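Okay, start_18.csv is below, CSV, C-alpha atoms:
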```csv
chain,number,residue,atom,x,y,z
F,4,MET,CA,7.1,-4.0,-16.1
F,5,GLU,CA,3.5,-4.8,-16.9
F,6,GLN,CA,0.7,-3.1,-15.1
F,7,VAL,CA,-0.8,-4.9,-12.1
F,8,LYS,CA,-4.4,-5.7,-12.9
F,9,ALA,CA,-7.1,-4.1,-10.7
F,10,ALA,CA,-8.2,-7.6,-9.4
F,11,GLU,CA,-4.6,-8.3,-8.3
F,12,GLN,CA,-4.4,-4.9,-6.7
F,13,LEU,CA,-7.5,-5.6,-4.6
F,14,ILE,CA,-6.0,-8.9,-3.4
F,15,ILE,CA,-2.8,-7.1,-2.4
F,16,PHE,CA,-4.6,-4.1,-0.7
F,17,SER,CA,-7.0,-6.5,1.2
F,18,ARG,CA,-4.0,-7.7,3.2
F,19,TYR,CA,-3.2,-4.1,4.4
F,20,ILE,CA,-6.6,-2.8,5.6
F,21,GLY,CA,-6.0,-0.3,8.4
F,22,GLN,CA,-2.7,0.9,6.9
F,23,GLN,CA,-2.0,4.4,5.7
F,24,VAL,CA,-2.0,5.1,1.9
F,25,VAL,CA,-0.9,8.0,-0.2
F,26,VAL,CA,-3.5,9.0,-2.9
F,27,LYS,CA,-2.8,11.2,-5.9
F,28,SER,CA,-5.6,12.2,-8.2
F,29,LEU,CA,-4.9,11.7,-11.9
F,30,LEU,CA,-7.8,13.8,-13.0
F,31,ASN,CA,-7.0,17.2,-11.5
F,32,ASN,CA,-3.3,17.1,-10.6
F,33,ASP,CA,-4.0,17.4,-6.9
F,34,ASN,CA,-1.2,17.1,-4.3
F,35,GLU,CA,-0.8,13.7,-2.7
F,36,VAL,CA,-3.0,13.2,0.3
F,37,ILE,CA,-2.6,10.7,3.2
F,38,GLY,CA,-5.5,8.5,4.1
F,39,THR,CA,-6.2,5.1,5.7
F,40,LEU,CA,-7.3,2.1,3.8
F,41,MET,CA,-10.6,1.1,5.5
F,42,GLY,CA,-12.0,-1.6,3.2
F,43,ILE,CA,-12.4,-3.0,-0.3
F,44,ARG,CA,-15.2,-4.2,-2.5
F,45,GLN,CA,-15.3,-5.8,-5.9
F,46,ASN,CA,-14.0,-2.8,-7.8
F,47,ALA,CA,-12.9,-0.1,-5.3
F,48,LEU,CA,-11.0,0.8,-2.2
F,49,LEU,CA,-12.6,2.6,0.8
F,50,ILE,CA,-10.2,5.2,2.0
F,51,ASP,CA,-10.7,7.6,4.9
F,52,ILE,CA,-9.2,11.0,4.1
F,53,ASP,CA,-9.5,13.6,6.9
F,54,GLY,CA,-12.5,11.8,8.4
F,55,VAL,CA,-14.4,11.4,5.2
F,56,ASN,CA,-14.8,7.9,3.7
F,57,ARG,CA,-14.4,7.8,-0.1
F,58,TRP,CA,-14.7,4.9,-2.5
F,59,ILE,CA,-12.0,5.1,-5.1
F,60,PRO,CA,-12.6,2.9,-8.1
F,61,LEU,CA,-10.0,0.5,-9.5
F,62,ASN,CA,-10.3,-0.3,-13.2
F,63,ASP,CA,-7.9,-1.8,-15.7
F,64,ASN,CA,-8.9,0.6,-18.5
F,65,PHE,CA,-9.2,3.9,-16.6
F,66,ARG,CA,-7.2,5.1,-13.6
F,67,VAL,CA,-8.7,7.8,-11.4
F,68,CYS,CA,-6.0,7.9,-8.8
F,69,GLU,CA,-2.6,6.5,-8.0
F,70,ILE,CA,-2.9,4.7,-4.6
F,71,ARG,CA,0.2,3.5,-2.8
F,72,LEU,CA,0.4,1.9,0.6
F,73,ILE,CA,2.8,3.6,3.1
F,74,LEU,CA,4.9,0.6,4.1
F,75,LYS,CA,8.3,0.0,5.8
F,76,PRO,CA,11.0,-2.2,4.2
F,77,LEU,CA,11.8,-5.4,6.0
F,78,LYS,CA,15.3,-4.1,6.8
F,79,ARG,CA,13.5,-1.9,9.5
F,80,LEU,CA,12.5,-5.0,11.4
F,81,THR,CA,13.7,-4.8,15.0
F,82,THR,CA,14.9,-7.6,17.1
F,83,ALA,CA,11.9,-7.3,19.4
F,84,ILE,CA,9.4,-7.6,16.4
F,85,ILE,CA,11.3,-10.6,15.1
F,86,LYS,CA,11.2,-12.2,18.5
F,87,THR,CA,7.5,-11.6,18.9
F,88,ALA,CA,6.8,-13.0,15.4
F,89,ASN,CA,8.9,-16.2,16.1
F,90,ASN,CA,6.8,-16.7,19.3
F,91,LEU,CA,3.5,-16.7,17.5
F,92,PRO,CA,1.7,-20.1,17.9
F,93,VAL,CA,1.6,-20.8,14.2
F,94,GLN,CA,4.4,-19.9,11.7
F,95,ALA,CA,1.8,-19.0,9.1
F,96,PHE,CA,0.9,-16.0,11.3
F,97,ILE,CA,4.2,-14.3,10.8
F,98,THR,CA,3.5,-12.8,7.4
F,99,PRO,CA,0.1,-11.3,8.5
F,100,TYR,CA,1.7,-10.0,11.7
F,101,TYR,CA,4.4,-8.2,9.7
F,102,GLN,CA,1.7,-6.9,7.3
F,103,GLN,CA,-0.4,-5.6,10.2
F,104,LEU,CA,2.7,-3.7,11.5
F,105,GLY,CA,3.0,-2.1,8.0
F,106,PHE,CA,6.0,-4.0,6.6
F,107,ASP,CA,6.3,-4.7,2.9
F,108,MET,CA,6.0,-8.5,2.3
F,109,PRO,CA,6.3,-10.6,-0.9
F,110,VAL,CA,2.9,-11.2,-2.4
F,111,PHE,CA,1.2,-14.3,-3.7
F,112,ILE,CA,-1.7,-13.7,-6.1
F,113,ALA,CA,-2.3,-17.1,-7.7
F,114,PRO,CA,-0.3,-20.0,-9.1
F,115,GLY,CA,1.7,-18.7,-12.1
F,116,SER,CA,1.0,-15.0,-11.5
F,117,SER,CA,3.8,-12.7,-12.6
F,118,CYS,CA,3.3,-10.7,-9.3
F,119,ASN,CA,4.2,-13.7,-7.1
F,120,CYS,CA,7.3,-13.3,-4.9
F,121,LYS,CA,7.6,-9.6,-5.5
F,122,TYR,CA,7.4,-7.0,-2.8
F,123,VAL,CA,4.5,-4.5,-2.9
F,124,TYR,CA,7.0,-1.7,-3.6
F,125,GLU,CA,8.3,-3.6,-6.6
F,126,LEU,CA,4.8,-3.6,-8.0
F,127,ASP,CA,4.6,0.2,-7.6
F,128,LEU,CA,1.9,-0.1,-5.1
F,129,ALA,CA,3.9,1.0,-2.0
F,130,ASP,CA,5.8,4.0,-0.9
F,131,TYR,CA,8.6,3.7,1.7
F,132,ARG,CA,8.4,7.4,2.6
F,133,THR,CA,6.8,8.3,5.9
F,134,PRO,CA,3.7,10.6,5.9
F,135,ALA,CA,5.9,13.4,7.2
F,136,GLU,CA,8.3,13.0,4.3
F,137,ILE,CA,5.5,12.9,1.8
F,138,LEU,CA,3.9,16.1,3.2
F,139,GLY,CA,7.4,17.7,3.5
F,140,SER,CA,8.2,17.1,-0.1
F,141,GLN,CA,4.9,18.8,-1.1
F,142,LEU,CA,5.9,21.9,0.9
F,143,ILE,CA,9.2,22.0,-0.8
F,144,LEU,CA,7.6,21.8,-4.2
F,145,ALA,CA,5.0,24.4,-3.3
F,146,ALA,CA,7.8,26.8,-2.1
F,147,GLN,CA,9.6,26.3,-5.4
F,148,GLY,CA,6.4,27.0,-7.3
F,149,ILE,CA,6.1,23.6,-8.9
```
Please, can you express the file's structure as structure tokens?
Amino acid sequence: MEQVKAAEQLIIFSRYIGQQVVVKSLLNNDNEVIGTLMGIRQNALLIDIDGVNRWIPLNDNFRVCEIRLILKPLKRLTTAIIKTANNLPVQAFITPYYQQLGFDMPVFIAPGSSCNCKYVYELDLADYRTPAEILGSQLILAAQGI
């Protein structure tokens, strides 16, 4: 699969502001950390990690970090959530409603984009693990000395 361009990543991430993300530094092999996506600008994401806001640059030629949204697959939708979505005043509000709740939705970037109709997870920009599972896997690896 081809790499998703930084500009396309910004479009996708902009729909999930307020959601948790998992960040892994590619510069110093740090453990994955959990943060909250707070905002975007032309070439970076603003992520709150332990109460500290950090701008993490996105660039097509040089990656500083791997950033993935912590999302839920659509199969975890409950009847109550679906009922609420179906009662929204405009059908076009359903997708943003699901995104606000942290569900992975198919993306639309631009006409003809190779990313269109793919889930964020399929583009390698989402993680379906919970924060507890992410931190737990790090503890297991630390105990094994990896």
Closest to Phe106 in chain F among F:Pro76, F:Pro92, F:Gly42, F:Pro134, using all atoms listed in the file?
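Result for the nearest residue to Phe106 in chain F: F:Pro76.
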For CA of Leu30 in chain F and CA of Lys75 in chain F, determine how far apart the two atoms are, in Å to one decimal place.
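Atom-to-atom, CA of Leu30 in chain F and CA of Lys75 in chain F are spaced 28.3 Å apart.
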How many Å lie between CA of Thr98 in chain F and CA of Ala10 in chain F, rounded to one decimal?
21.1 Å
Residues within 7 Å of Val110 in chain F, only C-alpha atoms, excluding chain neighbours under 3 positions, as a VMD selection string
chain F and resid 118 to 123
Quick one: distance from CA of Leu49 in chain F to CA of Gly21 in chain F in Å, one decimal?
10.5 Å
Residue with smallest distance to Gln102 in chain F - pool F:Arg18, F:Lys78, F:Lys8, F:Lys27, counting all atoms listed in the file
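Of F:Arg18, F:Lys78, F:Lys8, F:Lys27, the one nearest Gln102 in chain F, counting all atoms listed in the file, is F:Arg18.
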Just give me the residues with any atom within 9 Å of (8.1, -0.7, 0.0), file coordinates, counting all atoms listed in the file, written as an MDAnalysis selection string.
chainID F and resid 72:77 106:108 122:125 127:132
Nearest to Gly105 in chain F: which of F:Thr87, F:Asn56, F:Gln23, F:Asn32 is it, counting only C-alpha atoms?
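Of F:Thr87, F:Asn56, F:Gln23, F:Asn32, the one nearest Gly105 in chain F, counting only C-alpha atoms, is F:Gln23.
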Which polymer residues, whether protein, DNA or RNA, lie within 12 Å of the coordinate (-3.9, -10.0, 10.8) when you count all atoms listed in the file? List them as an MDAnalysis selection string, using the chain letters and numbers from the file.
chainID F and resid 17:22 95:105
Kindly indicate which residue among F:Ile15, F:Leu138, F:Ile85, F:Leu61 lies nearest to Asn34 in chain F, using all atoms listed in the file for the distances.
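The answer is F:Leu138, which sits nearest to Asn34 in chain F.
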